[in-house]
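Reproduced below: work34.txt, with compact mmCIF, C-alpha atoms.
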# COMPACT_ATOMS: atom_id res chain seq x y z
CA MET A 521 -166.48 -10.89 103.15
CA GLY A 522 -167.71 -8.22 105.52
CA TRP A 523 -168.52 -4.52 105.20
CA PRO A 524 -169.10 -1.97 107.98
CA THR A 525 -172.02 -0.54 106.02
CA LYS A 526 -174.81 -2.98 105.20
CA GLY A 527 -175.77 -3.25 101.53
CA SER A 528 -179.42 -2.82 100.58
CA GLY A 529 -179.28 -5.40 97.82
CA HIS A 530 -179.20 -2.64 95.22
CA ASN A 531 -176.59 -0.26 96.59
CA TYR A 532 -173.15 -1.22 97.91
CA ASN A 533 -171.34 1.92 98.99
CA SER A 534 -169.26 0.94 102.01
CA ASN A 535 -165.80 2.51 101.82
CA THR A 536 -164.05 -0.47 103.42
CA GLY A 537 -164.34 -4.22 103.30
CA PHE A 538 -162.52 -7.13 104.92
CA ALA A 539 -162.14 -10.76 103.90
CA SER A 540 -160.54 -13.81 105.50
CA PHE A 541 -159.53 -17.34 104.63
CA VAL A 542 -160.38 -19.78 107.43
CA GLY A 543 -158.65 -23.14 107.74
CA ALA A 544 -160.97 -26.10 107.08
CA TYR A 545 -159.51 -28.05 110.01
CA THR A 546 -158.14 -25.41 112.36
CA LYS A 547 -161.18 -23.11 111.97
CA LYS A 548 -158.77 -20.22 112.42
CA VAL A 549 -158.05 -17.24 110.19
CA ILE A 550 -155.02 -18.05 108.04
CA LEU A 551 -155.02 -15.02 105.73
CA SER A 552 -156.95 -11.77 105.57
CA LYS A 553 -157.36 -8.77 103.31
CA ILE A 554 -158.67 -5.26 103.98
CA TYR A 555 -159.72 -2.89 101.21
CA CYS A 556 -160.35 0.83 101.43
CA ARG A 557 -161.82 2.97 98.64
CA ARG A 558 -161.03 6.40 100.08
CA CYS A 559 -158.27 8.37 101.76
CA ARG A 560 -159.43 11.54 103.50
CA LEU A 561 -156.04 13.26 103.31
CA CYS A 562 -155.76 12.69 99.55
CA GLU A 563 -159.34 13.83 98.96
CA ASP A 564 -158.94 16.98 101.07
CA SER A 565 -155.75 17.93 99.27
CA LYS A 566 -157.33 17.45 95.85
CA ARG A 567 -160.46 19.37 96.84
CA LYS A 568 -158.38 22.31 98.10
CA ASN A 569 -156.07 22.06 95.10
CA LYS A 570 -153.05 21.58 97.34
CA PRO A 571 -150.07 19.24 96.98
CA ILE A 572 -150.58 15.92 98.72
CA ARG A 573 -148.09 15.68 101.54
CA GLU A 574 -146.20 12.49 102.17
CA HIS A 575 -148.30 10.05 104.16
CA LYS A 576 -149.26 6.42 104.40
CA CYS A 577 -152.26 6.33 102.05
CA VAL A 578 -154.91 3.82 103.10
CA GLN A 579 -156.69 3.67 99.76
CA ASN A 580 -155.89 0.38 98.06
CA TYR A 581 -159.07 -0.12 96.03
CA PRO A 582 -160.50 1.99 93.16
CA SER A 583 -163.03 4.53 94.40
CA ASN A 584 -165.13 4.13 91.24
CA LYS A 585 -165.83 0.44 91.95
CA SER A 586 -168.61 -0.79 94.24
CA SER A 587 -167.74 -2.32 97.58
CA LYS A 588 -169.54 -5.48 96.47
CA SER A 589 -166.78 -6.12 93.91
CA MET A 590 -164.26 -6.25 96.76
CA GLU A 591 -165.37 -9.82 97.55
CA ALA A 592 -164.20 -11.34 94.27
CA ALA A 593 -161.07 -9.18 94.23
CA ALA A 594 -160.10 -10.29 97.74
CA ILE A 595 -160.54 -13.98 96.90
CA VAL A 596 -158.32 -13.66 93.83
CA ASP A 597 -155.73 -11.56 95.68
CA MET A 598 -155.46 -13.95 98.64
CA SER A 599 -155.42 -17.03 96.40
CA ILE A 600 -152.50 -15.60 94.42
CA ASN A 601 -150.51 -14.37 97.42
CA CYS A 602 -151.17 -17.17 99.91
CA VAL A 603 -147.85 -18.87 99.09
CA THR A 604 -145.65 -15.80 99.58
CA GLU A 605 -147.57 -14.37 102.54
CA ARG A 606 -148.53 -17.47 104.53
CA ASN A 607 -146.77 -20.39 102.84
CA PHE A 608 -149.85 -22.39 101.85
CA VAL A 609 -151.55 -23.23 98.56
CA MET A 610 -155.21 -23.05 97.67
CA CYS A 611 -156.12 -26.48 96.31
CA ALA A 612 -159.86 -26.86 96.97
CA LEU A 613 -163.15 -25.35 95.88
CA PHE A 614 -164.80 -23.27 98.58
CA LEU A 615 -168.22 -21.67 98.87
CA ALA A 616 -169.28 -18.24 99.99
CA ASP A 617 -171.31 -17.82 103.16
CA PRO A 618 -174.35 -20.12 102.64
CA SER A 619 -176.84 -17.45 103.72
CA HIS A 620 -175.39 -15.01 101.22
CA ARG A 621 -175.39 -17.62 98.45
CA ILE A 622 -179.01 -18.58 99.19
CA LYS A 623 -180.01 -14.93 99.03
CA SER A 624 -178.13 -14.41 95.77
CA VAL A 625 -179.81 -17.35 94.04
CA SER A 626 -183.30 -16.97 95.49
CA LYS A 627 -183.43 -13.36 94.33
CA HIS A 628 -183.74 -14.67 90.77
CA PHE A 629 -186.57 -17.02 91.79
CA TYR A 630 -188.54 -14.11 93.23
CA ASP A 631 -187.78 -11.97 90.16
CA LEU A 632 -189.63 -14.60 88.11
CA ALA A 633 -192.47 -14.66 90.63
CA ASN A 634 -192.90 -10.90 90.28
CA LYS A 635 -193.24 -11.03 86.50
CA ARG A 636 -196.60 -10.87 84.76
CA VAL A 637 -198.50 -14.13 84.32
CA GLY A 638 -197.81 -14.23 80.60
CA GLU A 639 -194.06 -13.92 81.18
CA SER A 640 -193.61 -16.43 83.99
CA THR A 641 -195.41 -19.41 85.52
CA ILE A 642 -193.47 -19.07 88.78
CA SER A 643 -195.51 -18.10 91.83
CA LYS A 644 -194.15 -16.77 95.11
CA SER A 645 -194.90 -20.09 96.79
CA ILE A 646 -192.77 -21.89 94.19
CA ALA A 647 -189.97 -19.34 94.67
CA LYS A 648 -190.17 -19.95 98.42
CA ARG A 649 -189.94 -23.74 97.94
CA MET A 650 -186.95 -23.38 95.64
CA LYS A 651 -185.20 -21.09 98.13
CA LYS A 652 -185.87 -23.51 101.00
CA ASN A 653 -184.65 -26.58 99.10
CA TRP A 654 -181.63 -24.72 97.69
CA GLY A 655 -180.65 -23.85 101.25
CA TYR A 656 -180.91 -27.49 102.35
CA MET A 657 -178.77 -28.59 99.42
CA LEU A 658 -176.06 -25.99 100.06
CA ARG A 659 -175.70 -26.66 103.76
CA GLN A 660 -175.51 -30.42 103.31
CA ASN A 661 -172.90 -30.28 100.57
CA ARG A 662 -170.39 -27.73 101.82
CA ASN A 663 -167.75 -30.44 102.10
CA SER A 664 -168.64 -32.30 98.91
CA THR A 665 -166.26 -32.62 96.00
CA LEU A 666 -166.90 -30.53 92.91
CA ASP A 667 -168.36 -33.50 91.01
CA GLU A 668 -170.61 -34.39 93.94
CA PHE A 669 -171.77 -30.82 94.33
CA ILE A 670 -172.64 -30.49 90.62
CA GLN A 671 -174.87 -33.55 90.89
CA LYS A 672 -176.51 -32.55 94.19
CA ALA A 673 -177.17 -29.02 92.89
CA LYS A 674 -179.74 -30.56 90.55
CA ALA A 675 -181.86 -31.71 93.49
CA PRO A 676 -183.89 -28.55 94.32
CA LEU A 677 -185.29 -28.22 90.80
CA GLU A 678 -185.71 -31.92 90.05
CA HIS A 679 -187.41 -32.44 93.42
CA LEU A 680 -190.05 -29.87 92.44
CA PHE A 681 -190.90 -32.04 89.43
CA GLN A 682 -191.03 -35.30 91.46
CA ASN A 683 -187.62 -36.56 90.37
CA HIS A 684 -185.84 -37.51 93.60
CA GLN A 685 -182.74 -39.02 92.02
CA TYR A 686 -180.50 -36.28 93.43
CA CYS A 687 -182.33 -35.70 96.74
CA SER A 688 -181.17 -36.61 100.22
CA LYS A 689 -183.47 -38.42 102.64
CA GLU A 690 -182.29 -35.99 105.30
CA TRP A 691 -184.59 -33.35 103.81
CA CYS A 692 -186.69 -35.06 101.12
CA ASP A 693 -189.74 -36.73 102.70
CA ALA A 694 -190.75 -38.20 99.34
CA LEU A 695 -187.43 -40.05 99.02
CA LYS A 696 -187.60 -41.19 102.63
CA ALA A 697 -191.13 -42.52 102.10
CA ARG A 698 -190.09 -44.34 98.93
CA GLN A 699 -187.20 -46.05 100.71
CA GLU A 700 -189.58 -47.13 103.47
CA ASN A 701 -192.19 -48.34 100.92
CA LYS A 702 -194.68 -45.72 102.09
CA THR A 703 -196.93 -43.33 100.20
CA TYR A 704 -196.12 -39.62 100.37
CA THR A 705 -198.19 -36.64 99.25
CA HIS A 706 -196.55 -33.23 99.32
CA PRO A 707 -198.88 -30.57 100.81
CA ASP A 708 -198.17 -28.25 97.88
CA GLY A 709 -197.94 -31.01 95.28
CA PHE A 710 -195.36 -31.62 92.57
CA TYR A 711 -195.25 -30.35 88.99
CA ASN A 712 -195.17 -32.06 85.61
CA LYS A 713 -192.61 -30.81 83.10
CA ASN A 714 -194.37 -32.67 80.30
CA THR A 715 -197.14 -30.07 80.21
CA PRO A 716 -196.68 -26.69 78.41
CA ALA A 717 -196.82 -24.79 81.70
CA GLY A 718 -194.48 -27.28 83.35
CA GLN A 719 -192.00 -27.08 80.49
CA LYS A 720 -191.91 -23.29 80.74
CA MET A 721 -191.49 -23.41 84.51
CA TYR A 722 -188.70 -25.97 84.32
CA SER A 723 -186.91 -24.02 81.59
CA GLN A 724 -187.03 -20.73 83.51
CA LEU A 725 -185.86 -22.26 86.78
CA SER A 726 -183.11 -24.36 85.22
CA ALA A 727 -181.73 -21.25 83.51
CA ILE A 728 -181.08 -19.94 87.04
CA THR A 729 -179.84 -23.07 88.79
CA ALA A 730 -177.50 -23.97 85.92
CA LYS A 731 -175.46 -20.83 86.68
CA TYR A 732 -174.74 -21.89 90.24
Rendering of file as structure tokens:
Amino acid sequence: MGWPTKGSGHNYNSNTGFASFVGAYTKKVILSKIYCRRCRLCEDSKRKNKPIREHKCVQNYPSNKSSKSMEAAAIVDMSINCVTERNFVMCALFLADPSHRIKSVSKHFYDLANKRVGESTISKSIAKRMKKNWGYMLRQNRNSTLDEFIQKAKAPLEHLFQNHQYCSKEWCDALKARQENKTYTHPDGFYNKNTPAGQKMYSQLSAITAKY
């Protein structure tokens, strides 16, 4: 999904938005959708209390909804109409732009890091590690099946607590060292979820990762 006006992370007020489905094999746009929240002619007529003359109104999205909500609406709309408009059927799970998804998830990690010490045991360095590992996991599993993705999505959190069952040796040096019968020490260390602080940390982070 794209918007002419960049969102700040807190305010999404672009009046238009555009979305596209891209073929997995052709890498070409196979269906697109454009939304517009405003029509100048309609607004001018209402403001001047005049009848709205006949015209081709461009507004096709509620003006009281944020432009951010256009993304989900466009996906649903194109998924429903892909058969009638382009003669194909949606039959696979697809992910949003990885950078956007990383930003969406990591925001919650940093929210925990910004809480008071008594409320959270997550530091900014831990939030940064989770964001980095979440990004690795997403990019390496874009073509995975749903079942595979669910399992691999456990890796970023479990890795932090020295459980490398779900990791990939392509990014996990600890797993690579284990497979090569070598010793590995992470520069920032690993955490123990059997301690009170570790249990709290694991619980708070898993409440985030479980949603995605």
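Among the candidates A:Ala647, A:Ile622, A:Val637, A:Leu551, the one nearest to A:Glu605 when counting all atoms listed in the file is A:Leu551.
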Around all listed atoms of stretch 694-707 of chain A, padded 8 Å per side, what centre and edge lengths does the axis-aligned box have in Å to one decimal, as lines of an AutoDock Vina configuration file?
center_x = -193.0
center_y = -39.5
center_z = 101.2
size_x = 27.7
size_y = 33.8
size_z = 20.5
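Minimum atom-to-atom distance to A:Ser726, evaluated using all atoms listed in the file, belongs to A:Glu678 out of A:Glu591, A:Glu700, A:Glu678, A:Glu668.
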Exercise: stretch 689-699 of chain A partners within 10 Å, only C-alpha atoms, chain neighbours under 6 positions left out, as a list in words: Asn653, Tyr656, Met657, Gln660, Ala675, Pro676, His679, Gln682, Asn683, Thr705 and His706 of chain A
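Distances to A:Asn661 were evaluated for A:Ser624, A:Pro582, A:Cys687, A:Ser640 using only C-alpha atoms, and the minimum falls at A:Cys687.
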Atom-to-atom span, atom CA of A:Trp523 and atom CA of A:Val596, Å: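 Computed distance, atom CA of A:Trp523 to atom CA of A:Val596, equals 17.8 Å.
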Within 12 Å of A:Ser626 using only C-alpha atoms, minus same-chain residues under 6 positions, as JSON, numbers by chain: {"A": [618, 619, 620, 632, 633, 644, 646, 647, 648, 649, 650, 651, 652, 653, 654, 655, 676, 725, 728, 729, 732]}
For the residues in the current selection, export C-alpha atoms as a PDB file, in the coordinates of the input.
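Output (result.pdb):
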ATOM      1  CA  PRO A 618    -174.350 -20.120 102.640  1.00  0.00           C
ATOM      2  CA  SER A 619    -176.840 -17.450 103.720  1.00  0.00           C
ATOM      3  CA  HIS A 620    -175.390 -15.010 101.220  1.00  0.00           C
ATOM      4  CA  LEU A 632    -189.630 -14.600  88.110  1.00  0.00           C
ATOM      5  CA  ALA A 633    -192.470 -14.660  90.630  1.00  0.00           C
ATOM      6  CA  LYS A 644    -194.150 -16.770  95.110  1.00  0.00           C
ATOM      7  CA  ILE A 646    -192.770 -21.890  94.190  1.00  0.00           C
ATOM      8  CA  ALA A 647    -189.970 -19.340  94.670  1.00  0.00           C
ATOM      9  CA  LYS A 648    -190.170 -19.950  98.420  1.00  0.00           C
ATOM     10  CA  ARG A 649    -189.940 -23.740  97.940  1.00  0.00           C
ATOM     11  CA  MET A 650    -186.950 -23.380  95.640  1.00  0.00           C
ATOM     12  CA  LYS A 651    -185.200 -21.090  98.130  1.00  0.00           C
ATOM     13  CA  LYS A 652    -185.870 -23.510 101.000  1.00  0.00           C
ATOM     14  CA  ASN A 653    -184.650 -26.580  99.100  1.00  0.00           C
ATOM     15  CA  TRP A 654    -181.630 -24.720  97.690  1.00  0.00           C
ATOM     16  CA  GLY A 655    -180.650 -23.850 101.250  1.00  0.00           C
ATOM     17  CA  PRO A 676    -183.890 -28.550  94.320  1.00  0.00           C
ATOM     18  CA  LEU A 725    -185.860 -22.260  86.780  1.00  0.00           C
ATOM     19  CA  ILE A 728    -181.080 -19.940  87.040  1.00  0.00           C
ATOM     20  CA  THR A 729    -179.840 -23.070  88.790  1.00  0.00           C
ATOM     21  CA  TYR A 732    -174.740 -21.890  90.240  1.00  0.00           C
TER      22      TYR A 732
END
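Closest to A:Ser688 among A:Met721, A:Cys577, A:Val603, A:Leu658 is A:Leu658, based on all atoms listed in the file.
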Test item: residues at most 10 Å from A:Ile600, all atoms listed in the file, excluding those fewer than 5 positions along its chain, as a count of residues only: 5
Among listed residues A:Val549, A:Ile554, A:Met590, A:Ile642, nearest A:His628 (using all atoms listed in the file):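 Comparing A:Val549, A:Ile554, A:Met590, A:Ile642 against A:His628, the winner is A:Ile642.
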Atom-to-atom span, atom CA of A:Tyr711 and atom CA of A:Thr641, Å: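 Between atom CA of A:Tyr711 and atom CA of A:Thr641 the gap works out to 11.5 Å.
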Distance query A:Ala593 at most 12 Å, only C-alpha atoms, self and fewer than 5 positions along chain excluded, as JSON, numbers by chain: {"A": [521, 537, 538, 539, 553, 554, 555, 580, 581, 582, 585, 586, 587, 588, 598, 599, 600]}
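For the atom pair formed by atom CA of A:Leu680 and atom CA of A:Phe710, the distance is 5.6 Å, given to one decimal.
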Within 12 Å of A:Ile572 using all atoms listed in the file, minus same-chain residues under 5 positions, as a PyMOL selection string: chain A and resi 559-567+577
Minimum-distance residue to A:Ala727, chosen among A:Tyr545, A:Phe629, A:Tyr686, A:Phe669 (using all atoms listed in the file):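 Closest candidate: A:Phe629.
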